[in-house]
Amino acid sequence: MSKSRPSALAALLVRELRITRRIGGAASMGVVFFLCLVAITPFAIGPDLKLLARVGPAILWIAALLSTLLGLDRLFQADHDDGSLDLLFLAQTPLELVVLVKCLAHWLMTGLPLVAASPVFGLMLGLTPHALGAVALSLLVGTPALTLIGAIGAGLTVSLRRGGLLLSILVLPISVPVLIFGVAAASAEPGGIVPFMTPFLILCGLTLVAVALTPFATAAALRHGAE
Amino acid sequence: MQIEASALALERGGRIIFTNLGFSLSDGQALVVTGPNGAGKSSLLRALAGLLPFAAGRIAVTPGGSGLSEHSHYVGHADALKPSLTVYENLEFWAALLGRADTPPADPVVQIEMALARLGLARIADLPAAYLSAGQKRRAALARLLAVRRPLWLLDEPATALDAASQKVLAEVMLAHLADGGMIIAATHAPLGLPARELVLGGTNGGAA
């Protein structure tokens, strides 16, 4: 029993990563979208460097949230369209674990590049070195929660043709806590009123809760959608 | 393994498709489901695979198990192939995911290559599935049946898009599966060349209307 499951899940992870890599552009598109959002901000707010540095962490977080949601509607829809989802139900591996592995693959290909790119894009907003580190670290622990929460929306909208917009409407309100504590941690200054660790640890907690709970919600949504 | 289904009823979109359907099937037997379009052949197969709930009825599996889905191969209208992966990679993935822990294959790679060769796909195994013709895609989907052993095959129009030679191979593969003690439930309009009992849907319950 325990012998087959890791290999089935490993095969799923390899497959997901291969597909994303071969389709090409899918992974980098999120980062380019992220860059676009960050690049247009100074045009909207104005070239005031002090102001940009103050709102910079929040802008990076909002950009990361929107970039994460961008590709999520295809998370299960592609499998639904070609019949793969039916077969995933037939596997001995619990659907919850399948969901978790698919989210992991999605995060590795879209969330992680965002984290890696955030210090570079932070420079464009005039962030201090300390803030650059805080943003990257808070995105590193926060973006998995965004992907996992978004997966619930992806599961609910799996059979809809144009589910992307509905997905965003469903998911954005639930993502608010992650955004609040993510931005709080990212914009904490050394010696400021809000310390870095308090919101950061809450953010870690939110991600852990998301890992534990959202696969069940997503799997339930998929099972319901299969009917 | 023995399957005993009784008083099955299925409902789709608030409309009863069939009621009081029963059949029994044991090792080495096949059941061919026929009926006009809309009689519920595909829905019956999907429900047997556990993808749809039955509105009523029960299915007893002996020796007792956890439903039919883990014992079943399901080949539906969609071929479940990822266009960007090669035929081999597609099959390798499904073999790993659908493989059963209690009956591990001796050598998964040999098993996959054997399945590809049997369905005449060995030469195009390294081709991305996007370049395959409809018949080749169907054969790649059918190769799943051989790559992983599962006792019950649920086949929805398995011969769609297959040429005469491939249909013959399919018939041979199905006969070999039955001879090996497997079971097949197939929905079809065309004769599959199987020694099978027939289950006619939509004959008594108002048909396709």
# chains A, B, ... in the order shown; residues from 1 in each chain; ligands from 1
$ residues_around --residues "Val87 of chain B" --least-positions-apart "3" --cutoff "8 Å" --atoms "only C-alpha atoms" --output "list of chain:residue names"
B:Leu81, B:Asn90, B:Leu91, B:Ile124, B:Ala125, B:Asp126, B:Leu127, B:Pro128, B:Ala129, B:Ala140
$ closest_atom_pairs --of "chain B" --to "chain A" --cutoff "8 Å" --atoms "only C-alpha atoms" --output "JSON lines"
{"residue": "B:Ala49", "atom": "CA", "partner": "A:Leu90", "partner_atom": "CA", "distance": 7.3}
{"residue": "B:Gly50", "atom": "CA", "partner": "A:Leu90", "partner_atom": "CA", "distance": 7.8}
{"residue": "B:Leu51", "atom": "CA", "partner": "A:Ala226", "partner_atom": "CA", "distance": 6.5}
{"residue": "B:Leu52", "atom": "CA", "partner": "A:Glu227", "partner_atom": "CA", "distance": 5.4}
{"residue": "B:Pro53", "atom": "CA", "partner": "A:Glu227", "partner_atom": "CA", "distance": 7.6}
{"residue": "B:Ser69", "atom": "CA", "partner": "A:Leu90", "partner_atom": "CA", "distance": 5.3}
{"residue": "B:Glu70", "atom": "CA", "partner": "A:Leu90", "partner_atom": "CA", "distance": 5.8}
{"residue": "B:Ser72", "atom": "CA", "partner": "A:Leu90", "partner_atom": "CA", "distance": 7.3}
{"residue": "B:His73", "atom": "CA", "partner": "A:Leu90", "partner_atom": "CA", "distance": 7.8}
{"residue": "B:Tyr74", "atom": "CA", "partner": "A:Leu87", "partner_atom": "CA", "distance": 7.2}
{"residue": "B:Gly76", "atom": "CA", "partner": "A:Gly83", "partner_atom": "CA", "distance": 7.7}
{"residue": "B:His77", "atom": "CA", "partner": "A:Gly83", "partner_atom": "CA", "distance": 8.0}
{"residue": "B:Ala78", "atom": "CA", "partner": "A:Gly83", "partner_atom": "CA", "distance": 5.0}
{"residue": "B:Asp79", "atom": "CA", "partner": "A:Gly83", "partner_atom": "CA", "distance": 6.3}
{"residue": "B:Ala80", "atom": "CA", "partner": "A:Ser84", "partner_atom": "CA", "distance": 4.4}
{"residue": "B:Leu81", "atom": "CA", "partner": "A:Asp82", "partner_atom": "CA", "distance": 6.7}
{"residue": "B:Lys82", "atom": "CA", "partner": "A:Asp82", "partner_atom": "CA", "distance": 7.6}
{"residue": "B:Ser84", "atom": "CA", "partner": "A:Ile19", "partner_atom": "CA", "distance": 6.2}
{"residue": "B:Leu85", "atom": "CA", "partner": "A:Ile19", "partner_atom": "CA", "distance": 6.8}
{"residue": "B:Phe93", "atom": "CA", "partner": "A:Ala11", "partner_atom": "CA", "distance": 5.8}
{"residue": "B:Ala96", "atom": "CA", "partner": "A:Ala8", "partner_atom": "CA", "distance": 5.0}
{"residue": "B:Leu97", "atom": "CA", "partner": "A:Ala8", "partner_atom": "CA", "distance": 4.6}
{"residue": "B:Leu98", "atom": "CA", "partner": "A:Ala91", "partner_atom": "CA", "distance": 5.0}
{"residue": "B:Gly99", "atom": "CA", "partner": "A:Ser4", "partner_atom": "CA", "distance": 7.5}
{"residue": "B:Arg100", "atom": "CA", "partner": "A:Gln92", "partner_atom": "CA", "distance": 7.1}
{"residue": "B:Ala101", "atom": "CA", "partner": "A:Met1", "partner_atom": "CA", "distance": 5.1}
{"residue": "B:Asp102", "atom": "CA", "partner": "A:Met1", "partner_atom": "CA", "distance": 6.8}
$ select_by_dssp --residues "chain B" --states "alpha helix (DSSP H)" --output "MDAnalysis selection string"
chainID B and resid 41:48 87:98 108:118 134:147 164:179
$ residues_around --residues "Thr19 of chain B" --least-positions-apart "4" --cutoff "9 Å" --atoms "only C-alpha atoms" --output "list in words"
Ala7, Leu8, Ala9, Leu10, Glu11, Ala55, Ala56, Gly57 and Asn205 of chain B
$ write_last_selection --atoms "all heavy atoms" --output "CSV table (one decimal), in the first residue's frame"
chain,number,residue,atom,x,y,z
B,7,ALA,N,-31.7,-3.4,-9.2
B,7,ALA,CA,-32.6,-2.3,-9.0
B,7,ALA,C,-31.9,-0.9,-9.2
B,7,ALA,O,-32.1,0.0,-8.5
B,7,ALA,CB,-33.3,-2.3,-7.6
B,8,LEU,N,-30.9,-0.9,-10.1
B,8,LEU,CA,-30.2,0.4,-10.3
B,8,LEU,C,-31.1,1.4,-11.0
B,8,LEU,O,-31.9,1.1,-11.9
B,8,LEU,CB,-29.0,0.1,-11.2
B,8,LEU,CG,-27.9,-0.8,-10.7
B,8,LEU,CD1,-26.8,-0.9,-11.7
B,8,LEU,CD2,-27.3,-0.2,-9.4
B,9,ALA,N,-31.0,2.6,-10.6
B,9,ALA,CA,-31.7,3.7,-11.2
B,9,ALA,C,-30.8,4.9,-11.4
B,9,ALA,O,-29.9,5.1,-10.5
B,9,ALA,CB,-32.9,4.1,-10.4
B,10,LEU,N,-31.0,5.6,-12.5
B,10,LEU,CA,-30.0,6.7,-12.7
B,10,LEU,C,-30.8,8.0,-13.1
B,10,LEU,O,-31.8,7.8,-13.9
B,10,LEU,CB,-29.0,6.4,-13.8
B,10,LEU,CG,-27.8,7.2,-13.9
B,10,LEU,CD1,-27.0,7.1,-12.6
B,10,LEU,CD2,-27.0,6.8,-15.1
B,11,GLU,N,-30.4,9.1,-12.6
B,11,GLU,CA,-31.1,10.3,-12.9
B,11,GLU,C,-30.1,11.4,-13.4
B,11,GLU,O,-29.0,11.5,-12.9
B,11,GLU,CB,-31.7,10.8,-11.6
B,11,GLU,CG,-32.8,11.9,-11.7
B,11,GLU,CD,-33.2,12.4,-10.3
B,11,GLU,OE1,-34.0,11.7,-9.7
B,11,GLU,OE2,-32.7,13.4,-9.9
B,55,ALA,N,-29.1,6.8,-8.5
B,55,ALA,CA,-30.3,7.4,-7.7
B,55,ALA,C,-30.8,6.3,-6.8
B,55,ALA,O,-31.3,6.6,-5.7
B,55,ALA,CB,-31.4,7.9,-8.7
B,56,ALA,N,-30.7,5.0,-7.2
B,56,ALA,CA,-31.2,3.9,-6.3
B,56,ALA,C,-30.5,2.7,-6.8
B,56,ALA,O,-29.8,2.6,-7.8
B,56,ALA,CB,-32.7,3.8,-6.4
B,57,GLY,N,-30.6,1.6,-5.9
B,57,GLY,CA,-30.1,0.3,-6.3
B,57,GLY,C,-28.8,0.0,-5.6
B,57,GLY,O,-28.2,0.9,-4.9
B,205,ASN,N,-38.4,1.5,-21.0
B,205,ASN,CA,-38.7,2.7,-20.2
B,205,ASN,C,-38.9,4.0,-21.0
B,205,ASN,O,-38.6,5.1,-20.6
B,205,ASN,CB,-37.5,3.0,-19.2
B,205,ASN,CG,-37.4,1.9,-18.2
B,205,ASN,OD1,-38.4,1.4,-17.7
B,205,ASN,ND2,-36.2,1.6,-17.8
